[in-house]
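J.: Dropping a structure here in structure tokens format, bear with me for questions.
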Amino acid sequence: MKSKLLSILIILFISNTLFAQNGIVQGKILDKTTNEPLAFANIIVYGTTIGATSDIDGNFSISGLQPGFIKLQASFVGYLTGFSADIQVTNAKKVYVELLLEPSATQLEAVTIKVSPFKKTNEAPVSLQKIGLAEIENNPGSNRDISIVIQSFPGVASTPSFRNDIIVRGGGPSENVFYLDDIEIPTINHFSTQGASGGAVGIINSDLLREVNFYTGSFPSNRSNALSSVFELTQIEGNKDKPKFRFAVGATEMSLTADGPVGDKSSYILSVRRSYLQFLFAALELPFLPTFTDYQFKWETHINKKNEFKIISLGALDEFALNKGIKSPNEQQEYILSYIPTNEQWNYTIGGVYKHFSEHGFQTFVLSRNMLNNVAYKYPENNENLPKMFDYKSQEIENKFRFENNYYRGNFKLNYSLNSEYVKYNNRTMQQVYQGGQVVDINYQTDMDLIRYGASVQLSKLFFKDKLSLSFGVRTDANNFSKSMQNLLDQISPRFSASYDLSPKLSVNASIGRYYKLPSYPAMGFKDSNGALINKQNEIKYIGSDQIVGGVEFSYSENSLISFEIFNKNYFDYPVSVADSISLATKGADFGVVGNEAITSNGKGHAYGFEILNRTRIANKLNIIIAYTFVRSEFKDKNDKYIATNWDNRNILNLTCTYNFKNNWSAGAKWRYAGGLPYTPYNMELSSQKDAWDTQGQAFLDLNQINSQRLNAFNQLDIRVDKKFFFKKWSLMLYLDIQNLFNFQADQPDYVVREKDANGNYLLTDNGTRYVLKSIPSSSGTVLPTIGLMFEF
């Protein structure tokens, strides 16, 4: 038996060595503005002397490549040197990539102009991180989930919970927007919080990603509705050579990805994933059983060199059931089962993108539709023989059209856009709440139509031999929901950015702007007991934020940079709950719905701080990210005093390092430190009242002590080890990804539960009107190992 095992290992090693340099990359070099092919351009594998020259049609091919992640560098006379996104080379397929080179404002006869791989855009010289496939695939502890990968970068909070809340520069999880190949998608997480961006696990399959542009400020004017971040996710091209497949099995899910050609001009990519978390959670006797299924699809065709069209689609089905089969639940399990609802969600996005290239630019037409269906319900004590204490059904449907025109002329760039949306929002809510010392029944139905519209323009220009970059933009948005939001002039959103190169390695950068975001649909569609859209009567407004960012960036080598940025965000017209006078800026980090209540638009707040980033990338070898953020996030309370929000970490430090060893081994580690978050203690007097407790199945917060307490700091270490085997026509990757290997989190708020007598009945006092309550410690973080394999052929 031992000899057979040894023989298998020897065959694997020999095969891996024999076929270790059979990777092929093919592609095309194109003019970014006209889409015309560039003949006789020079292409090399970045950091090496391996390369090729494009032919008369701009095509190139580089063979004999060692499997792994590479980046291509392309140069051509009179053009800025261009860099591809990360490319994963294997023996199982030929990789196809298109490189778009931007004409230089200074037409040179015999010199190419080189730019850094970290180069940012004229519109966003600050607060933009380009995240490549290598950083996504190998990020320790993330299981290739982009919502967790971004926690390695500055400004992003790291929370010690089973959630993917995206908290950027002290802003709430509802302040982010996402674009997948130019199509806006409402969420990137399964089991999402309606009205926010958080969830349990990511929807996006990283197998299909090429690169992510992650903005934490200085948002381009053609991207609307963002206050904290913008994600631009770009997918890979389908294989132009032949169909290929990738099968992956991990600790929580399995997936199948296929891509290939469709005729001579088209290609496709399709991914389907299915989780089996419910079996793992049942084995661990966790009180909830989540299951998800998702798909991701892209079809692209190059009609001719001046016209191209693609269809993008993304969808998910999420089921969140209660684990009622636990034989002898402990107090914590009973507590969670007593209040958490059953939840069923599904969502999809589908759209088409048509791009036409002209002599000095290109026009983009985007037509898309997305829909969210959210159902949640709860029976008292999970007894289905009793009437439901909570029953929620909601649908959000958006039909969107956007037109953009990009015009280039020398060192001048103009972008303008027009957009419109037709929205349908449906809501059926039945719920009991405890307000004003009594139980209040909320029962309403909303069927709302809405038209949204907006426009933008942005001009960018280079001066002083391209040392100075200036960009000015403005956008405006409105809708027909109410008079307070229908005038485009009330939401004028100007922005300005500037960058100056003090030397080839050192630059100073700044950005200032005003940004607006629409309140959530649950807030807009909420009705009072008389059936009136109360928030329409309250004349709620767009949420506004004035932001300023300044910083310096020093590229101390071709592969490394260090940057320092200082930021300040002032919020105005933020939604505030009528019931408890709490700003919605501190809500959204839990499962459920945000904004499904009466609100007013009189909230004010601010977030400010600074960030330090050191980033080193040596192609196919080493990746280091060191990011420190100091941030304060505060909103005014009902007494007009600033109090910390739920996202006020103060100090966040992330150290991430991955290294590729010989024989296709790689390893990485990520250490995260986050200052303790504030929290609100419980109101034990109110919570003990039986009528009050029974409306929500858990204790009430003391609203007179909002975020008056603070947890201790949180530390976490994640590690990842990968081993890849490459053969002539297929490849295999084995990996071990361990999240929370060492956790030094000091504490979490205690749970408040009801005491029981010897017969298992809840203890009551005051003639049966009050529960007897007690506190129990919450569980700390646990080690979450992910062991998996990926098979590609």
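Each chain in the structure tokens gets a letter, A, B, ..., in the order shown, and its residues are numbered from 1; ligands are numbered from 1 in order too.
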Select from region 404-638 of chain A everything DSSP, run on the backbone, classes as strand (DSSP E or B), then give the selection as a VMD selection string.

T.: chain A and resid 404 to 409 412 to 435 438 to 463 468 to 479 492 to 501 506 to 517 543 to 557 560 to 577 583 593 599 to 618 622 to 636

J.: Skip region 478-487 of chain A itself and residues of its chain fewer than 4 positions away, then list as an mmCIF file with all heavy atoms, in the first residue's frame all residues within 12 Å of it, counting only C-alpha atoms.

T.:
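The file below, part-v9.cif, is the result:
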```cif
data_model
loop_
_atom_site.group_PDB
_atom_site.id
_atom_site.type_symbol
_atom_site.label_atom_id
_atom_site.label_comp_id
_atom_site.auth_asym_id
_atom_site.auth_seq_id
_atom_site.Cartn_x
_atom_site.Cartn_y
_atom_site.Cartn_z
ATOM 1 N N SER A 224 -23.704 56.678 -9.360
ATOM 2 C CA SER A 224 -24.636 57.366 -8.463
ATOM 3 C C SER A 224 -24.910 56.559 -7.207
ATOM 4 O O SER A 224 -24.609 55.373 -7.119
ATOM 5 C CB SER A 224 -25.965 57.619 -9.193
ATOM 6 O OG SER A 224 -26.602 56.399 -9.517
ATOM 7 N N ASN A 225 -25.487 57.264 -6.211
ATOM 8 C CA ASN A 225 -26.072 56.629 -5.023
ATOM 9 C C ASN A 225 -25.037 56.077 -4.045
ATOM 10 O O ASN A 225 -25.358 55.222 -3.225
ATOM 11 C CB ASN A 225 -27.031 55.512 -5.431
ATOM 12 C CG ASN A 225 -28.326 55.561 -4.650
ATOM 13 O OD1 ASN A 225 -28.836 56.643 -4.367
ATOM 14 N ND2 ASN A 225 -28.865 54.408 -4.301
ATOM 15 N N ASN A 419 -29.467 58.725 -17.210
ATOM 16 C CA ASN A 419 -30.013 57.466 -16.708
ATOM 17 C C ASN A 419 -31.445 57.647 -16.247
ATOM 18 O O ASN A 419 -31.860 58.743 -15.836
ATOM 19 C CB ASN A 419 -29.162 56.921 -15.559
ATOM 20 C CG ASN A 419 -29.185 57.798 -14.323
ATOM 21 O OD1 ASN A 419 -28.440 58.788 -14.254
ATOM 22 N ND2 ASN A 419 -30.017 57.461 -13.354
ATOM 23 N N SER A 420 -32.207 56.575 -16.330
ATOM 24 C CA SER A 420 -33.585 56.571 -15.830
ATOM 25 C C SER A 420 -33.910 55.168 -15.323
ATOM 26 O O SER A 420 -33.318 54.181 -15.773
ATOM 27 C CB SER A 420 -34.571 56.992 -16.919
ATOM 28 O OG SER A 420 -34.585 56.043 -17.970
ATOM 29 N N GLU A 421 -34.837 55.101 -14.378
ATOM 30 C CA GLU A 421 -35.246 53.818 -13.801
ATOM 31 C C GLU A 421 -36.749 53.816 -13.542
ATOM 32 O O GLU A 421 -37.315 54.822 -13.113
ATOM 33 C CB GLU A 421 -34.523 53.552 -12.473
ATOM 34 C CG GLU A 421 -33.028 53.440 -12.564
ATOM 35 C CD GLU A 421 -32.397 53.152 -11.212
ATOM 36 O OE1 GLU A 421 -33.099 52.571 -10.352
ATOM 37 O OE2 GLU A 421 -31.234 53.527 -11.013
ATOM 38 N N TYR A 422 -37.369 52.680 -13.804
ATOM 39 C CA TYR A 422 -38.743 52.463 -13.394
ATOM 40 C C TYR A 422 -38.720 51.413 -12.289
ATOM 41 O O TYR A 422 -38.228 50.295 -12.477
ATOM 42 C CB TYR A 422 -39.599 51.990 -14.564
ATOM 43 C CG TYR A 422 -40.996 51.570 -14.149
ATOM 44 C CD1 TYR A 422 -41.872 52.482 -13.569
ATOM 45 C CD2 TYR A 422 -41.418 50.256 -14.310
ATOM 46 C CE1 TYR A 422 -43.139 52.104 -13.176
ATOM 47 C CE2 TYR A 422 -42.690 49.865 -13.932
ATOM 48 C CZ TYR A 422 -43.552 50.790 -13.357
ATOM 49 O OH TYR A 422 -44.813 50.416 -12.951
ATOM 50 N N VAL A 423 -39.242 51.787 -11.132
ATOM 51 C CA VAL A 423 -39.140 50.948 -9.929
ATOM 52 C C VAL A 423 -40.524 50.536 -9.463
ATOM 53 O O VAL A 423 -41.461 51.347 -9.451
ATOM 54 C CB VAL A 423 -38.420 51.717 -8.794
ATOM 55 C CG1 VAL A 423 -38.309 50.846 -7.546
ATOM 56 C CG2 VAL A 423 -37.047 52.194 -9.242
ATOM 57 N N LYS A 424 -40.650 49.280 -9.071
ATOM 58 C CA LYS A 424 -41.846 48.784 -8.394
ATOM 59 C C LYS A 424 -41.426 48.236 -7.038
ATOM 60 O O LYS A 424 -40.477 47.463 -6.947
ATOM 61 C CB LYS A 424 -42.553 47.697 -9.214
ATOM 62 C CG LYS A 424 -43.247 48.209 -10.467
ATOM 63 C CD LYS A 424 -43.990 47.088 -11.194
ATOM 64 C CE LYS A 424 -45.145 46.545 -10.368
ATOM 65 N NZ LYS A 424 -46.231 47.547 -10.198
ATOM 66 N N TYR A 425 -42.156 48.657 -6.008
ATOM 67 C CA TYR A 425 -41.882 48.168 -4.655
ATOM 68 C C TYR A 425 -43.182 47.689 -4.037
ATOM 69 O O TYR A 425 -44.173 48.426 -3.974
ATOM 70 C CB TYR A 425 -41.264 49.277 -3.800
ATOM 71 C CG TYR A 425 -41.078 48.876 -2.352
ATOM 72 C CD1 TYR A 425 -40.098 47.964 -1.987
ATOM 73 C CD2 TYR A 425 -41.909 49.390 -1.358
ATOM 74 C CE1 TYR A 425 -39.939 47.577 -0.664
ATOM 75 C CE2 TYR A 425 -41.754 49.016 -0.035
ATOM 76 C CZ TYR A 425 -40.772 48.104 0.312
ATOM 77 O OH TYR A 425 -40.626 47.724 1.622
ATOM 78 N N MET A 448 -46.079 50.331 -4.736
ATOM 79 C CA MET A 448 -45.580 51.653 -5.106
ATOM 80 C C MET A 448 -44.812 51.600 -6.421
ATOM 81 O O MET A 448 -44.023 50.689 -6.655
ATOM 82 C CB MET A 448 -44.651 52.162 -3.981
ATOM 83 C CG MET A 448 -44.085 53.549 -4.189
ATOM 84 S SD MET A 448 -43.050 54.052 -2.772
ATOM 85 C CE MET A 448 -41.604 53.011 -3.036
ATOM 86 N N ASP A 449 -45.092 52.576 -7.299
ATOM 87 C CA ASP A 449 -44.336 52.776 -8.519
ATOM 88 C C ASP A 449 -43.499 54.037 -8.363
ATOM 89 O O ASP A 449 -43.929 55.016 -7.729
ATOM 90 C CB ASP A 449 -45.259 52.928 -9.725
ATOM 91 C CG ASP A 449 -46.016 51.649 -10.029
ATOM 92 O OD1 ASP A 449 -45.506 50.581 -9.663
ATOM 93 O OD2 ASP A 449 -47.101 51.722 -10.622
ATOM 94 N N LEU A 450 -42.341 54.009 -8.990
ATOM 95 C CA LEU A 450 -41.413 55.129 -8.817
ATOM 96 C C LEU A 450 -40.587 55.287 -10.088
ATOM 97 O O LEU A 450 -40.182 54.293 -10.702
ATOM 98 C CB LEU A 450 -40.481 54.843 -7.628
ATOM 99 C CG LEU A 450 -39.463 55.907 -7.233
ATOM 100 C CD1 LEU A 450 -40.157 57.100 -6.626
ATOM 101 C CD2 LEU A 450 -38.461 55.320 -6.230
ATOM 102 N N ILE A 451 -40.360 56.528 -10.485
ATOM 103 C CA ILE A 451 -39.474 56.819 -11.610
ATOM 104 C C ILE A 451 -38.290 57.631 -11.098
ATOM 105 O O ILE A 451 -38.465 58.683 -10.470
ATOM 106 C CB ILE A 451 -40.207 57.590 -12.727
ATOM 107 C CG1 ILE A 451 -41.329 56.737 -13.311
ATOM 108 C CG2 ILE A 451 -39.228 57.987 -13.831
ATOM 109 C CD1 ILE A 451 -42.145 57.442 -14.373
ATOM 110 N N ARG A 452 -37.096 57.122 -11.355
ATOM 111 C CA ARG A 452 -35.864 57.812 -10.981
ATOM 112 C C ARG A 452 -35.160 58.299 -12.244
ATOM 113 O O ARG A 452 -35.210 57.636 -13.284
ATOM 114 C CB ARG A 452 -34.947 56.869 -10.192
ATOM 115 C CG ARG A 452 -35.545 56.361 -8.894
ATOM 116 C CD ARG A 452 -34.724 55.253 -8.267
ATOM 117 N NE ARG A 452 -33.352 55.675 -7.991
ATOM 118 C CZ ARG A 452 -32.434 54.880 -7.416
ATOM 119 N NH1 ARG A 452 -32.758 53.624 -7.082
ATOM 120 N NH2 ARG A 452 -31.213 55.320 -7.199
ATOM 121 N N TYR A 453 -34.470 59.420 -12.142
ATOM 122 C CA TYR A 453 -33.786 59.962 -13.300
ATOM 123 C C TYR A 453 -32.573 60.768 -12.842
ATOM 124 O O TYR A 453 -32.537 61.291 -11.719
ATOM 125 C CB TYR A 453 -34.728 60.843 -14.135
ATOM 126 C CG TYR A 453 -35.670 61.708 -13.326
ATOM 127 C CD1 TYR A 453 -35.341 63.024 -12.982
ATOM 128 C CD2 TYR A 453 -36.905 61.203 -12.908
ATOM 129 C CE1 TYR A 453 -36.210 63.806 -12.249
ATOM 130 C CE2 TYR A 453 -37.774 61.977 -12.163
ATOM 131 C CZ TYR A 453 -37.433 63.288 -11.828
ATOM 132 O OH TYR A 453 -38.293 64.053 -11.093
ATOM 133 N N GLY A 454 -31.575 60.829 -13.710
ATOM 134 C CA GLY A 454 -30.364 61.544 -13.353
ATOM 135 C C GLY A 454 -29.484 61.804 -14.559
ATOM 136 O O GLY A 454 -29.730 61.298 -15.659
ATOM 137 N N ALA A 455 -28.451 62.594 -14.348
ATOM 138 C CA ALA A 455 -27.508 62.937 -15.411
ATOM 139 C C ALA A 455 -26.178 63.304 -14.777
ATOM 140 O O ALA A 455 -26.106 63.670 -13.600
ATOM 141 C CB ALA A 455 -28.035 64.099 -16.252
ATOM 142 N N GLN A 491 -30.526 68.262 -5.778
ATOM 143 C CA GLN A 491 -29.512 67.220 -5.548
ATOM 144 C C GLN A 491 -28.316 67.425 -6.475
ATOM 145 O O GLN A 491 -27.761 66.466 -7.014
ATOM 146 C CB GLN A 491 -30.095 65.833 -5.768
ATOM 147 C CG GLN A 491 -31.023 65.348 -4.650
ATOM 148 C CD GLN A 491 -32.439 65.861 -4.800
ATOM 149 O OE1 GLN A 491 -33.027 66.399 -3.872
ATOM 150 N NE2 GLN A 491 -33.001 65.712 -5.983
ATOM 151 N N ILE A 492 -27.904 68.667 -6.666
ATOM 152 C CA ILE A 492 -26.710 68.942 -7.458
ATOM 153 C C ILE A 492 -25.495 68.422 -6.692
ATOM 154 O O ILE A 492 -25.292 68.747 -5.527
ATOM 155 C CB ILE A 492 -26.552 70.445 -7.738
ATOM 156 C CG1 ILE A 492 -27.698 70.930 -8.636
ATOM 157 C CG2 ILE A 492 -25.211 70.727 -8.397
ATOM 158 C CD1 ILE A 492 -27.667 70.372 -10.044
ATOM 159 N N SER A 493 -24.701 67.606 -7.384
ATOM 160 C CA SER A 493 -23.593 66.908 -6.723
ATOM 161 C C SER A 493 -22.277 67.207 -7.443
ATOM 162 O O SER A 493 -21.845 66.444 -8.308
ATOM 163 C CB SER A 493 -23.886 65.401 -6.725
ATOM 164 O OG SER A 493 -22.804 64.660 -6.236
ATOM 165 N N TYR A 516 -24.913 62.187 -3.002
ATOM 166 C CA TYR A 516 -26.281 61.943 -2.527
ATOM 167 C C TYR A 516 -26.652 60.472 -2.696
ATOM 168 O O TYR A 516 -26.164 59.792 -3.604
ATOM 169 C CB TYR A 516 -27.287 62.790 -3.312
ATOM 170 C CG TYR A 516 -27.317 64.240 -2.915
ATOM 171 C CD1 TYR A 516 -26.638 65.193 -3.671
ATOM 172 C CD2 TYR A 516 -28.026 64.668 -1.797
ATOM 173 C CE1 TYR A 516 -26.665 66.547 -3.327
ATOM 174 C CE2 TYR A 516 -28.066 66.006 -1.444
ATOM 175 C CZ TYR A 516 -27.385 66.939 -2.205
ATOM 176 O OH TYR A 516 -27.417 68.265 -1.852
ATOM 177 N N LYS A 517 -27.551 60.036 -1.808
ATOM 178 C CA LYS A 517 -28.055 58.653 -1.868
ATOM 179 C C LYS A 517 -29.544 58.653 -1.565
ATOM 180 O O LYS A 517 -30.014 59.342 -0.655
ATOM 181 C CB LYS A 517 -27.329 57.756 -0.865
ATOM 182 C CG LYS A 517 -27.876 56.332 -0.809
ATOM 183 C CD LYS A 517 -27.108 55.465 0.154
ATOM 184 C CE LYS A 517 -27.757 54.083 0.265
ATOM 185 N NZ LYS A 517 -27.902 53.416 -1.040
ATOM 186 N N LEU A 518 -30.292 57.844 -2.325
ATOM 187 C CA LEU A 518 -31.727 57.702 -2.109
ATOM 188 C C LEU A 518 -31.989 56.889 -0.839
ATOM 189 O O LEU A 518 -31.311 55.893 -0.584
ATOM 190 C CB LEU A 518 -32.345 56.987 -3.314
ATOM 191 C CG LEU A 518 -33.865 56.857 -3.347
ATOM 192 C CD1 LEU A 518 -34.498 58.207 -3.646
ATOM 193 C CD2 LEU A 518 -34.273 55.827 -4.409
ATOM 194 N N PRO A 519 -32.962 57.282 -0.004
ATOM 195 C CA PRO A 519 -33.342 56.413 1.127
ATOM 196 C C PRO A 519 -33.798 55.050 0.633
ATOM 197 O O PRO A 519 -34.182 54.878 -0.525
ATOM 198 C CB PRO A 519 -34.497 57.196 1.780
ATOM 199 C CG PRO A 519 -34.311 58.607 1.344
ATOM 200 C CD PRO A 519 -33.723 58.539 -0.035
ATOM 201 N N TYR A 521 -35.924 51.633 -0.129
ATOM 202 C CA TYR A 521 -37.319 51.422 -0.526
ATOM 203 C C TYR A 521 -38.213 51.040 0.655
ATOM 204 O O TYR A 521 -39.368 51.490 0.723
ATOM 205 C CB TYR A 521 -37.398 50.368 -1.626
ATOM 206 C CG TYR A 521 -36.755 50.806 -2.925
ATOM 207 C CD1 TYR A 521 -35.859 49.976 -3.606
ATOM 208 C CD2 TYR A 521 -37.036 52.050 -3.481
ATOM 209 C CE1 TYR A 521 -35.270 50.378 -4.793
ATOM 210 C CE2 TYR A 521 -36.442 52.455 -4.670
ATOM 211 C CZ TYR A 521 -35.559 51.615 -5.317
ATOM 212 O OH TYR A 521 -34.969 52.022 -6.493
ATOM 213 N N ALA A 523 -38.069 52.204 3.589
ATOM 214 C CA ALA A 523 -38.390 53.471 4.249
ATOM 215 C C ALA A 523 -39.399 54.269 3.435
ATOM 216 O O ALA A 523 -40.368 54.837 3.980
ATOM 217 C CB ALA A 523 -37.119 54.286 4.468
ATOM 218 N N MET A 524 -39.208 54.319 2.131
ATOM 219 C CA MET A 524 -40.113 55.085 1.273
ATOM 220 C C MET A 524 -41.503 54.461 1.232
ATOM 221 O O MET A 524 -42.519 55.165 1.125
ATOM 222 C CB MET A 524 -39.527 55.187 -0.131
ATOM 223 C CG MET A 524 -38.199 55.936 -0.181
ATOM 224 S SD MET A 524 -37.375 55.834 -1.787
ATOM 225 C CE MET A 524 -38.456 56.838 -2.793
ATOM 226 N N GLY A 525 -41.577 53.139 1.329
ATOM 227 C CA GLY A 525 -42.860 52.445 1.216
ATOM 228 C C GLY A 525 -43.564 52.165 2.529
ATOM 229 O O GLY A 525 -44.618 51.520 2.540
ATOM 230 N N LEU A 533 -48.580 56.829 3.427
ATOM 231 C CA LEU A 533 -47.119 56.776 3.301
ATOM 232 C C LEU A 533 -46.537 57.866 4.197
ATOM 233 O O LEU A 533 -46.283 58.998 3.769
ATOM 234 C CB LEU A 533 -46.711 56.984 1.836
ATOM 235 C CG LEU A 533 -47.045 55.848 0.871
ATOM 236 C CD1 LEU A 533 -46.789 56.275 -0.576
ATOM 237 C CD2 LEU A 533 -46.223 54.600 1.197
ATOM 238 N N ILE A 534 -46.315 57.501 5.443
ATOM 239 C CA ILE A 534 -45.965 58.490 6.458
ATOM 240 C C ILE A 534 -44.654 59.193 6.158
ATOM 241 O O ILE A 534 -44.490 60.380 6.434
ATOM 242 C CB ILE A 534 -45.937 57.820 7.862
ATOM 243 C CG1 ILE A 534 -45.721 58.862 8.953
ATOM 244 C CG2 ILE A 534 -44.883 56.729 7.903
ATOM 245 C CD1 ILE A 534 -46.833 59.885 9.071
ATOM 246 N N ASN A 535 -43.716 58.478 5.552
ATOM 247 C CA ASN A 535 -42.426 59.111 5.271
ATOM 248 C C ASN A 535 -42.494 60.050 4.073
ATOM 249 O O ASN A 535 -41.657 60.947 3.929
ATOM 250 C CB ASN A 535 -41.348 58.045 5.057
ATOM 251 C CG ASN A 535 -41.051 57.297 6.336
ATOM 252 O OD1 ASN A 535 -41.155 57.849 7.430
ATOM 253 N ND2 ASN A 535 -40.706 56.025 6.220
ATOM 254 N N LYS A 536 -43.491 59.849 3.223
ATOM 255 C CA LYS A 536 -43.745 60.831 2.173
ATOM 256 C C LYS A 536 -44.304 62.102 2.795
ATOM 257 O O LYS A 536 -43.916 63.227 2.420
ATOM 258 C CB LYS A 536 -44.723 60.252 1.153
ATOM 259 C CG LYS A 536 -45.008 61.166 -0.027
ATOM 260 C CD LYS A 536 -45.913 60.476 -1.043
ATOM 261 C CE LYS A 536 -46.154 61.372 -2.262
ATOM 262 N NZ LYS A 536 -46.997 60.684 -3.281
ATOM 263 N N GLN A 537 -45.199 61.941 3.784
ATOM 264 C CA GLN A 537 -45.726 63.096 4.497
ATOM 265 C C GLN A 537 -44.629 63.791 5.295
ATOM 266 O O GLN A 537 -44.664 65.025 5.459
ATOM 267 C CB GLN A 537 -46.864 62.668 5.420
ATOM 268 C CG GLN A 537 -48.087 62.129 4.690
ATOM 269 C CD GLN A 537 -49.200 61.731 5.646
ATOM 270 O OE1 GLN A 537 -49.083 61.869 6.873
ATOM 271 N NE2 GLN A 537 -50.299 61.223 5.087
ATOM 272 N N ASN A 538 -43.677 63.018 5.776
ATOM 273 C CA ASN A 538 -42.557 63.600 6.528
ATOM 274 C C ASN A 538 -41.534 64.270 5.623
ATOM 275 O O ASN A 538 -40.536 64.814 6.110
ATOM 276 C CB ASN A 538 -41.865 62.519 7.362
ATOM 277 C CG ASN A 538 -42.723 62.025 8.507
ATOM 278 O OD1 ASN A 538 -43.676 62.700 8.926
ATOM 279 N ND2 ASN A 538 -42.392 60.854 9.030
ATOM 280 N N GLU A 539 -41.776 64.213 4.306
ATOM 281 C CA GLU A 539 -40.920 64.860 3.313
ATOM 282 C C GLU A 539 -39.447 64.443 3.465
ATOM 283 O O GLU A 539 -38.554 65.276 3.568
ATOM 284 C CB GLU A 539 -41.054 66.383 3.375
ATOM 285 C CG GLU A 539 -42.446 66.870 3.038
ATOM 286 C CD GLU A 539 -42.538 68.390 2.979
ATOM 287 O OE1 GLU A 539 -41.598 69.069 3.456
ATOM 288 O OE2 GLU A 539 -43.540 68.899 2.453
ATOM 289 N N ILE A 540 -39.245 63.126 3.495
ATOM 290 C CA ILE A 540 -37.866 62.654 3.587
ATOM 291 C C ILE A 540 -37.106 63.063 2.322
ATOM 292 O O ILE A 540 -37.677 63.257 1.260
ATOM 293 C CB ILE A 540 -37.798 61.128 3.789
ATOM 294 C CG1 ILE A 540 -38.467 60.379 2.623
ATOM 295 C CG2 ILE A 540 -38.421 60.744 5.117
ATOM 296 C CD1 ILE A 540 -38.286 58.881 2.683
ATOM 297 N N LYS A 541 -35.786 63.174 2.446
ATOM 298 C CA LYS A 541 -34.951 63.697 1.378
ATOM 299 C C LYS A 541 -33.858 62.689 1.026
ATOM 300 O O LYS A 541 -33.653 61.685 1.715
ATOM 301 C CB LYS A 541 -34.300 65.012 1.808
ATOM 302 C CG LYS A 541 -35.263 66.096 2.228
ATOM 303 C CD LYS A 541 -34.506 67.317 2.728
ATOM 304 C CE LYS A 541 -35.445 68.407 3.193
ATOM 305 N NZ LYS A 541 -34.694 69.591 3.706
ATOM 306 N N TYR A 542 -33.142 62.999 -0.035
ATOM 307 C CA TYR A 542 -31.919 62.272 -0.338
ATOM 308 C C TYR A 542 -30.933 62.484 0.813
ATOM 309 O O TYR A 542 -30.854 63.569 1.388
ATOM 310 C CB TYR A 542 -31.289 62.775 -1.632
ATOM 311 C CG TYR A 542 -31.852 62.175 -2.893
ATOM 312 C CD1 TYR A 542 -33.041 62.655 -3.438
ATOM 313 C CD2 TYR A 542 -31.194 61.148 -3.554
ATOM 314 C CE1 TYR A 542 -33.563 62.121 -4.607
ATOM 315 C CE2 TYR A 542 -31.701 60.604 -4.728
ATOM 316 C CZ TYR A 542 -32.888 61.087 -5.243
ATOM 317 O OH TYR A 542 -33.395 60.552 -6.397
ATOM 318 N N ILE A 543 -30.176 61.439 1.134
ATOM 319 C CA ILE A 543 -29.124 61.548 2.147
ATOM 320 C C ILE A 543 -27.905 62.205 1.503
ATOM 321 O O ILE A 543 -27.488 61.820 0.408
ATOM 322 C CB ILE A 543 -28.745 60.160 2.688
ATOM 323 C CG1 ILE A 543 -29.983 59.420 3.169
ATOM 324 C CG2 ILE A 543 -27.720 60.275 3.813
ATOM 325 C CD1 ILE A 543 -29.766 57.934 3.380
ATOM 326 N N ASP A 573 -29.132 65.439 6.379
ATOM 327 C CA ASP A 573 -30.423 64.854 5.969
ATOM 328 C C ASP A 573 -30.422 63.338 6.095
ATOM 329 O O ASP A 573 -31.034 62.626 5.283
ATOM 330 C CB ASP A 573 -30.765 65.260 4.529
ATOM 331 C CG ASP A 573 -31.010 66.757 4.386
ATOM 332 O OD1 ASP A 573 -31.318 67.398 5.399
ATOM 333 O OD2 ASP A 573 -30.869 67.279 3.261
ATOM 334 N N SER A 601 -35.874 63.210 7.966
ATOM 335 C CA SER A 601 -34.564 63.474 7.359
ATOM 336 C C SER A 601 -33.891 64.654 8.046
ATOM 337 O O SER A 601 -33.676 65.719 7.459
ATOM 338 C CB SER A 601 -34.723 63.756 5.862
ATOM 339 O OG SER A 601 -35.140 62.621 5.164
#
```

J.: With a distance cut-off of 8 Å and only C-alpha atoms, select the neighbouring residues of Leu128 (chain A), excluding the residue or stretch itself and same-chain residues fewer than 5 positions from it, and output the selection as a list in words.

T.: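 Returned residues: Lys120, Asn213, Phe214, Tyr215, Thr216 and Gly217 of chain A.
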
J.: Generate a file of the selected residues that holds N, CA and C atoms, formatted as a short mmCIF file (atom, residue, chain, number, x, y, z; two decimals), in the first residue's frame.

T.:
```
data_model
loop_
_atom_site.label_atom_id
_atom_site.label_comp_id
_atom_site.auth_asym_id
_atom_site.auth_seq_id
_atom_site.Cartn_x
_atom_site.Cartn_y
_atom_site.Cartn_z
N LYS A 120 -3.52 55.36 -10.78
CA LYS A 120 -4.95 55.60 -10.60
C LYS A 120 -5.49 56.45 -11.74
N ASN A 213 -12.05 47.45 -9.20
CA ASN A 213 -11.74 48.82 -8.84
C ASN A 213 -12.57 49.17 -7.62
N PHE A 214 -11.91 49.48 -6.51
CA PHE A 214 -12.58 49.71 -5.24
C PHE A 214 -12.34 51.16 -4.82
N TYR A 215 -13.39 51.99 -4.97
CA TYR A 215 -13.33 53.40 -4.60
C TYR A 215 -13.84 53.57 -3.17
N THR A 216 -13.08 54.27 -2.33
CA THR A 216 -13.55 54.63 -1.00
C THR A 216 -13.80 56.13 -0.88
N GLY A 217 -13.74 56.83 -1.98
CA GLY A 217 -13.99 58.26 -2.08
C GLY A 217 -13.72 58.70 -3.49
#
```
